[in-house]
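Q: I'd like to ask some things about the structure below.
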Amino acid sequence: MRILIHENYEILSKWVAYYVASKINRANSTPEKPYVLGLPTGSSPLGTYKELVKLYKDGKVSFENVVTFNMDEYVGISEDHPESYHYFMWSNFFSHINIPKENVHILNGNAPDLEEECIKYEEEIKKFGGINLFLGGIGPDGHIAFNEPGSSLSSRTRIKTLTYDTILANSRFFDNDINKVPKTALTVGVGTVMDADEVLIIINGYKKARALQKVVEEGVNHMWTVSMLQLHQHAIIACDEEATMELKVGTVKYFKDIEREALEHLPEL
């Protein structure tokens, strides 16, 4: 597992955007064989999406032959609700790039049969040959997507009851009223993410420092579901200095040393 420690969130976001764009460009994708991205919502990827939009507008990357699968969606709120993940993705990313609408896949939290919706989502991913790169963020409790502490590390896309910590963290998007936050969501599983060819996780800010320490310096643990990355052959954590506050000094120095070249240069487009 690679750990890239960037000076701040802005530099981190730019590096991640260039990395994603470089992978799309090198894939030479076609309509018949598109490049498949897994995407997150939340505050962590916002900077990356902004940078990717800029790269698109500068003519440095095209999303014409890119297919996306989002990690999750709330159950029971409409797609045009300001806090739905459909709304988030279209307002912050998809409407600003040239991705065909039919190439975008987001779980339907209002499907008549939610279990069937989850099964179909897994099947759709397989239809495209799997996900090439899964981009993600984590919660303060180390969860990935809505795979809360205690989730199975081999889990697939499913309905998930959200923990109080997650509901509390997300209440900032719902007028700071926990009663307005949906209590369940549809989410890809840890196993779904692990099936991707590559996984790149963004971890920024002091609030995520304890989670980063657990994931990097301790073992695989279902109470910190993103720790499963330790078993992935091509996993990267891109973090900022603030997020490393709970790591040992030696750990920080080690990863800064071995990743010095990658940190000094943006990935080539």
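We name chains A, B, ... following the order of the structure tokens; residues begin at 1 in each chain, and ligands are numbered from 1 as shown.
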List the spatial neighbours of Glu218 of chain A as a list in words - criterion: any atom at most 9 Å away, only C-alpha atoms, same-chain residues fewer than 4 positions off excluded.

A: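 My list of contacting residues is Gln213, Lys214 and Ser227 of chain A.
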
Q: Restricted to all heavy atoms, what would the selected residues look like written as a PDB file, in the first residue's frame?

A:
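Wrote it out as part.pdb, contents follow:
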ATOM      1  N   GLN A 213      -4.234   6.505  11.143  1.00  0.00           N
ATOM      2  CA  GLN A 213      -3.284   5.758  11.983  1.00  0.00           C
ATOM      3  C   GLN A 213      -3.692   4.304  12.104  1.00  0.00           C
ATOM      4  O   GLN A 213      -2.857   3.397  11.994  1.00  0.00           O
ATOM      5  CB  GLN A 213      -3.211   6.426  13.364  1.00  0.00           C
ATOM      6  CG  GLN A 213      -2.154   5.826  14.292  1.00  0.00           C
ATOM      7  CD  GLN A 213      -2.626   4.591  15.056  1.00  0.00           C
ATOM      8  OE1 GLN A 213      -3.809   4.511  15.442  1.00  0.00           O
ATOM      9  NE2 GLN A 213      -1.745   3.633  15.265  1.00  0.00           N
ATOM     10  N   LYS A 214      -4.985   4.054  12.323  1.00  0.00           N
ATOM     11  CA  LYS A 214      -5.476   2.679  12.450  1.00  0.00           C
ATOM     12  C   LYS A 214      -5.254   1.903  11.157  1.00  0.00           C
ATOM     13  O   LYS A 214      -4.870   0.727  11.172  1.00  0.00           O
ATOM     14  CB  LYS A 214      -6.971   2.692  12.794  1.00  0.00           C
ATOM     15  CG  LYS A 214      -7.299   3.209  14.183  1.00  0.00           C
ATOM     16  CD  LYS A 214      -6.971   2.180  15.250  1.00  0.00           C
ATOM     17  CE  LYS A 214      -7.392   2.645  16.630  1.00  0.00           C
ATOM     18  NZ  LYS A 214      -7.049   1.652  17.673  1.00  0.00           N
ATOM     19  N   SER A 227      -9.207  -0.472   6.328  1.00  0.00           N
ATOM     20  CA  SER A 227      -7.944  -1.180   6.577  1.00  0.00           C
ATOM     21  C   SER A 227      -7.779  -2.379   5.651  1.00  0.00           C
ATOM     22  O   SER A 227      -6.669  -2.880   5.468  1.00  0.00           O
ATOM     23  CB  SER A 227      -7.851  -1.631   8.041  1.00  0.00           C
ATOM     24  OG  SER A 227      -8.844  -2.614   8.334  1.00  0.00           O
TER      25      SER A 227
END

Q: Can you list every residue of segment 86-135 of chain A that has an atom at most 10 Å from segment 6-25 of chain A, with its nearest atom pair and the distance in Å to one decimal, using only C-alpha atoms, ordered by chain then number, as a Markdown table?

A:
| residue | atom | partner | partner_atom | distance |
| --- | --- | --- | --- | --- |
| A:Asn132 | CA | A:Lys23 | CA | 9.1 |
| A:Leu133 | CA | A:Val20 | CA | 8.1 |
| A:Phe134 | CA | A:Val20 | CA | 9.8 |
| A:Leu135 | CA | A:Val20 | CA | 8.7 |

Q: Any chance you could list, as a ChimeraX atom specification, the residues in segment 90-191 of chain A that come up helix (DSSP H, G or I) when DSSP is run on the backbone?

A: /A:90-92,94-96,101-103,114-127,164-173,178-180,190-191

Q: Would you save the residues from that selection as an mmCIF file, in the first residue's frame, using N, CA and C atoms?

A:
data_model
loop_
_atom_site.group_PDB
_atom_site.id
_atom_site.type_symbol
_atom_site.label_atom_id
_atom_site.label_comp_id
_atom_site.auth_asym_id
_atom_site.auth_seq_id
_atom_site.Cartn_x
_atom_site.Cartn_y
_atom_site.Cartn_z
ATOM 1 N N TRP A 90 -24.006 15.345 -10.030
ATOM 2 C CA TRP A 90 -24.301 16.140 -11.219
ATOM 3 C C TRP A 90 -23.958 17.604 -11.017
ATOM 4 N N SER A 91 -24.178 18.137 -9.831
ATOM 5 C CA SER A 91 -23.901 19.562 -9.610
ATOM 6 C C SER A 91 -22.414 19.840 -9.454
ATOM 7 N N ASN A 92 -21.657 18.888 -8.885
ATOM 8 C CA ASN A 92 -20.237 19.118 -8.636
ATOM 9 C C ASN A 92 -19.302 18.562 -9.706
ATOM 10 N N PHE A 94 -20.459 15.845 -12.922
ATOM 11 C CA PHE A 94 -20.905 15.337 -14.221
ATOM 12 C C PHE A 94 -21.411 16.415 -15.177
ATOM 13 N N SER A 95 -22.107 17.414 -14.657
ATOM 14 C CA SER A 95 -22.668 18.442 -15.551
ATOM 15 C C SER A 95 -21.590 19.367 -16.116
ATOM 16 N N HIS A 96 -20.367 19.253 -15.623
ATOM 17 C CA HIS A 96 -19.273 20.130 -16.072
ATOM 18 C C HIS A 96 -18.299 19.432 -17.014
ATOM 19 N N LYS A 101 -24.660 10.711 -20.336
ATOM 20 C CA LYS A 101 -25.527 10.426 -19.192
ATOM 21 C C LYS A 101 -25.699 8.930 -18.974
ATOM 22 N N GLU A 102 -25.777 8.174 -20.075
ATOM 23 C CA GLU A 102 -25.989 6.727 -19.954
ATOM 24 C C GLU A 102 -24.776 6.001 -19.373
ATOM 25 N N ASN A 103 -23.627 6.691 -19.292
ATOM 26 C CA ASN A 103 -22.417 6.083 -18.732
ATOM 27 C C ASN A 103 -22.322 6.243 -17.215
ATOM 28 N N LEU A 114 -35.280 -2.803 -3.235
ATOM 29 C CA LEU A 114 -33.919 -2.339 -2.954
ATOM 30 C C LEU A 114 -32.885 -3.463 -3.040
ATOM 31 N N GLU A 115 -33.264 -4.648 -2.619
ATOM 32 C CA GLU A 115 -32.334 -5.778 -2.702
ATOM 33 C C GLU A 115 -32.026 -6.116 -4.158
ATOM 34 N N GLU A 116 -33.043 -6.066 -4.993
ATOM 35 C CA GLU A 116 -32.861 -6.326 -6.424
ATOM 36 C C GLU A 116 -31.988 -5.245 -7.057
ATOM 37 N N GLU A 117 -32.169 -4.008 -6.615
ATOM 38 C CA GLU A 117 -31.352 -2.889 -7.107
ATOM 39 C C GLU A 117 -29.871 -3.144 -6.820
ATOM 40 N N CYS A 118 -29.567 -3.663 -5.651
ATOM 41 C CA CYS A 118 -28.180 -3.949 -5.271
ATOM 42 C C CYS A 118 -27.595 -5.082 -6.105
ATOM 43 N N ILE A 119 -28.384 -6.114 -6.341
ATOM 44 C CA ILE A 119 -27.934 -7.246 -7.167
ATOM 45 C C ILE A 119 -27.632 -6.778 -8.586
ATOM 46 N N LYS A 120 -28.533 -5.962 -9.135
ATOM 47 C CA LYS A 120 -28.356 -5.455 -10.502
ATOM 48 C C LYS A 120 -27.115 -4.575 -10.622
ATOM 49 N N TYR A 121 -26.827 -3.830 -9.578
ATOM 50 C CA TYR A 121 -25.654 -2.942 -9.588
ATOM 51 C C TYR A 121 -24.370 -3.753 -9.717
ATOM 52 N N GLU A 122 -24.275 -4.823 -8.943
ATOM 53 C CA GLU A 122 -23.111 -5.714 -9.028
ATOM 54 C C GLU A 122 -23.015 -6.330 -10.432
ATOM 55 N N GLU A 123 -24.154 -6.713 -10.980
ATOM 56 C CA GLU A 123 -24.165 -7.317 -12.313
ATOM 57 C C GLU A 123 -23.725 -6.319 -13.373
ATOM 58 N N GLU A 124 -24.142 -5.073 -13.210
ATOM 59 C CA GLU A 124 -23.780 -4.027 -14.172
ATOM 60 C C GLU A 124 -22.274 -3.767 -14.139
ATOM 61 N N ILE A 125 -21.686 -3.778 -12.955
ATOM 62 C CA ILE A 125 -20.233 -3.613 -12.847
ATOM 63 C C ILE A 125 -19.522 -4.746 -13.590
ATOM 64 N N LYS A 126 -19.992 -5.964 -13.394
ATOM 65 C CA LYS A 126 -19.391 -7.122 -14.073
ATOM 66 C C LYS A 126 -19.541 -7.018 -15.582
ATOM 67 N N LYS A 127 -20.672 -6.478 -16.032
ATOM 68 C CA LYS A 127 -20.929 -6.344 -17.468
ATOM 69 C C LYS A 127 -19.859 -5.493 -18.151
ATOM 70 N N TYR A 164 -24.831 5.989 14.347
ATOM 71 C CA TYR A 164 -25.074 7.329 14.903
ATOM 72 C C TYR A 164 -23.949 8.287 14.517
ATOM 73 N N ASP A 165 -22.684 7.793 14.541
ATOM 74 C CA ASP A 165 -21.545 8.648 14.197
ATOM 75 C C ASP A 165 -21.671 9.185 12.777
ATOM 76 N N THR A 166 -22.072 8.320 11.842
ATOM 77 C CA THR A 166 -22.216 8.738 10.450
ATOM 78 C C THR A 166 -23.378 9.709 10.290
ATOM 79 N N ILE A 167 -24.491 9.403 10.942
ATOM 80 C CA ILE A 167 -25.657 10.295 10.880
ATOM 81 C C ILE A 167 -25.296 11.668 11.457
ATOM 82 N N LEU A 168 -24.569 11.675 12.567
ATOM 83 C CA LEU A 168 -24.145 12.928 13.190
ATOM 84 C C LEU A 168 -23.201 13.705 12.269
ATOM 85 N N ALA A 169 -22.232 12.983 11.670
ATOM 86 C CA ALA A 169 -21.280 13.640 10.763
ATOM 87 C C ALA A 169 -21.988 14.235 9.555
ATOM 88 N N ASN A 170 -23.005 13.530 9.033
ATOM 89 C CA ASN A 170 -23.710 13.986 7.839
ATOM 90 C C ASN A 170 -24.811 15.002 8.136
ATOM 91 N N SER A 171 -25.108 15.202 9.422
ATOM 92 C CA SER A 171 -26.169 16.144 9.773
ATOM 93 C C SER A 171 -25.811 17.574 9.379
ATOM 94 N N ARG A 172 -24.505 17.845 9.178
ATOM 95 C CA ARG A 172 -24.097 19.193 8.754
ATOM 96 C C ARG A 172 -24.674 19.545 7.387
ATOM 97 N N PHE A 173 -25.038 18.514 6.621
ATOM 98 C CA PHE A 173 -25.657 18.744 5.310
ATOM 99 C C PHE A 173 -27.185 18.839 5.403
ATOM 100 N N ILE A 178 -30.121 15.892 13.084
ATOM 101 C CA ILE A 178 -29.930 14.458 12.836
ATOM 102 C C ILE A 178 -31.230 13.764 12.449
ATOM 103 N N ASN A 179 -32.348 14.333 12.800
ATOM 104 C CA ASN A 179 -33.641 13.729 12.460
ATOM 105 C C ASN A 179 -33.953 13.825 10.966
ATOM 106 N N LYS A 180 -33.256 14.727 10.273
ATOM 107 C CA LYS A 180 -33.475 14.875 8.832
ATOM 108 C C LYS A 180 -32.577 13.946 8.007
ATOM 109 N N VAL A 190 -17.312 -3.719 0.802
ATOM 110 C CA VAL A 190 -15.848 -3.683 0.866
ATOM 111 C C VAL A 190 -15.289 -4.598 -0.222
ATOM 112 N N GLY A 191 -15.920 -5.749 -0.401
ATOM 113 C CA GLY A 191 -15.484 -6.676 -1.443
ATOM 114 C C GLY A 191 -15.622 -6.085 -2.836
#

Q: Quick check, in Å to one decimal: how far apart do atom CA of Gly42 of chain A and atom CA of Ile99 of chain A lie?

A: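 Distance between the two atoms: 20.4 Å.
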
Q: Could you name the residues that touch His234 of chain A at 9 Å or less, counting only C-alpha atoms, but leaving out those on the same chain fewer than 4 positions away, as a PyMOL selection string?

A: chain A and resi 1-2+197-200+229

Q: With all heavy atoms kept, could you save the residues just selected as a compact mmCIF listing (two decimals), in the first residue's frame?

A:
# COMPACT_ATOMS: atom_id res chain seq x y z
N MET A 1 0.84 -1.20 0.00
CA MET A 1 0.00 0.00 0.00
C MET A 1 0.88 1.25 0.00
O MET A 1 1.75 1.41 0.86
CB MET A 1 -0.91 0.00 1.24
CG MET A 1 -1.89 1.16 1.29
SD MET A 1 -3.15 0.92 2.56
CE MET A 1 -2.16 0.94 4.06
N ARG A 2 0.67 2.11 -0.99
CA ARG A 2 1.43 3.35 -1.08
C ARG A 2 0.74 4.44 -0.24
O ARG A 2 -0.48 4.55 -0.25
CB ARG A 2 1.53 3.82 -2.53
CG ARG A 2 2.27 2.88 -3.44
CD ARG A 2 2.25 3.41 -4.87
NE ARG A 2 2.98 4.66 -5.00
CZ ARG A 2 2.94 5.44 -6.08
NH1 ARG A 2 2.18 5.10 -7.12
NH2 ARG A 2 3.64 6.57 -6.13
N ASP A 197 -9.25 -2.88 -10.01
CA ASP A 197 -7.83 -3.05 -10.35
C ASP A 197 -6.95 -2.18 -9.46
O ASP A 197 -5.87 -2.59 -9.05
CB ASP A 197 -7.58 -2.67 -11.82
CG ASP A 197 -8.34 -3.55 -12.79
OD1 ASP A 197 -8.67 -4.70 -12.42
OD2 ASP A 197 -8.62 -3.10 -13.92
N GLU A 198 -7.42 -0.97 -9.19
CA GLU A 198 -6.71 -0.04 -8.31
C GLU A 198 -7.70 0.64 -7.38
O GLU A 198 -8.85 0.86 -7.76
CB GLU A 198 -6.03 1.08 -9.12
CG GLU A 198 -4.77 0.71 -9.83
CD GLU A 198 -4.11 1.96 -10.42
OE1 GLU A 198 -3.33 2.63 -9.70
OE2 GLU A 198 -4.39 2.27 -11.58
N VAL A 199 -7.23 1.00 -6.19
CA VAL A 199 -8.04 1.77 -5.25
C VAL A 199 -7.22 2.96 -4.77
O VAL A 199 -6.06 2.80 -4.36
CB VAL A 199 -8.50 0.93 -4.04
CG1 VAL A 199 -9.40 1.77 -3.13
CG2 VAL A 199 -9.23 -0.33 -4.49
N LEU A 200 -7.80 4.16 -4.86
CA LEU A 200 -7.11 5.38 -4.42
C LEU A 200 -8.01 6.09 -3.40
O LEU A 200 -9.12 6.49 -3.73
CB LEU A 200 -6.83 6.29 -5.62
CG LEU A 200 -5.73 7.35 -5.48
CD1 LEU A 200 -5.49 8.04 -6.82
CD2 LEU A 200 -6.02 8.40 -4.42
N LEU A 229 -7.61 -2.30 2.70
CA LEU A 229 -6.69 -1.88 1.63
C LEU A 229 -5.32 -2.51 1.77
O LEU A 229 -4.59 -2.64 0.79
CB LEU A 229 -6.53 -0.36 1.65
CG LEU A 229 -7.57 0.52 1.00
CD1 LEU A 229 -7.11 1.95 0.99
CD2 LEU A 229 -7.88 0.07 -0.42

Q: So which residues touch Leu55 of chain A within 10 Å, counting only C-alpha atoms, skipping near sequence neighbours fewer than 3 positions away, as a list of chain:residue names?

A: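 Using only C-alpha atoms, the neighbours found are A:Lys14, A:Ala17, A:Tyr18, A:Ala21, A:Tyr49, A:Lys50, A:Glu51, A:Leu52, A:Asp58, A:Gly59, A:Lys60, A:Val61, A:Ser62, A:Ile97, A:Leu269.
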
Q: Excluding Glu32 of chain A and its own-chain neighbours fewer than 2 positions away, which residues fall within 10 Å of it when counting only C-alpha atoms? Please give them as a ChimeraX atom specification.

A: /A:29-30,34-35,65,128

Q: Rounded to one decimal, what separation in Å do you get between atom CA of Gly130 of chain A and atom CA of Val36 of chain A?

A: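 Value for the atom CA of Gly130 of chain A-atom CA of Val36 of chain A distance: 7.3 Å.
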
Q: Would you mind listing what lies within 10 Å of segment 222-226 of chain A as a PyMOL selection string, with only C-alpha atoms counted and same-chain residues fewer than 5 positions away left out?

A: chain A and resi 136-154+189-190+193-194+201+211-212+214-216

Q: With only C-alpha atoms as the basis for distance, which of A:Val67, A:Lys208, A:Leu4, A:Thr157 is at the shortest distance from Lys33 of chain A?

A: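 Of the candidates, the smallest distance to Lys33 of chain A is held by A:Val67.
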
Q: Name the residues of segment 148-263 of chain A that fall into strand (DSSP E) according to DSSP on the backbone, using the chain letters and numbers of this document, as JSON, numbers by chain.

A: {"A": [158, 159, 160, 161, 184, 185, 186, 187, 198, 199, 200, 201, 202, 203, 235, 236, 237, 238, 239, 240]}

Q: Can you measure atom CA of Thr251 of chain A to atom CA of Gly219 of chain A for me? One decimal in Å is fine.

A: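 Spanning atom CA of Thr251 of chain A to atom CA of Gly219 of chain A is a straight-line distance of 14.7 Å.
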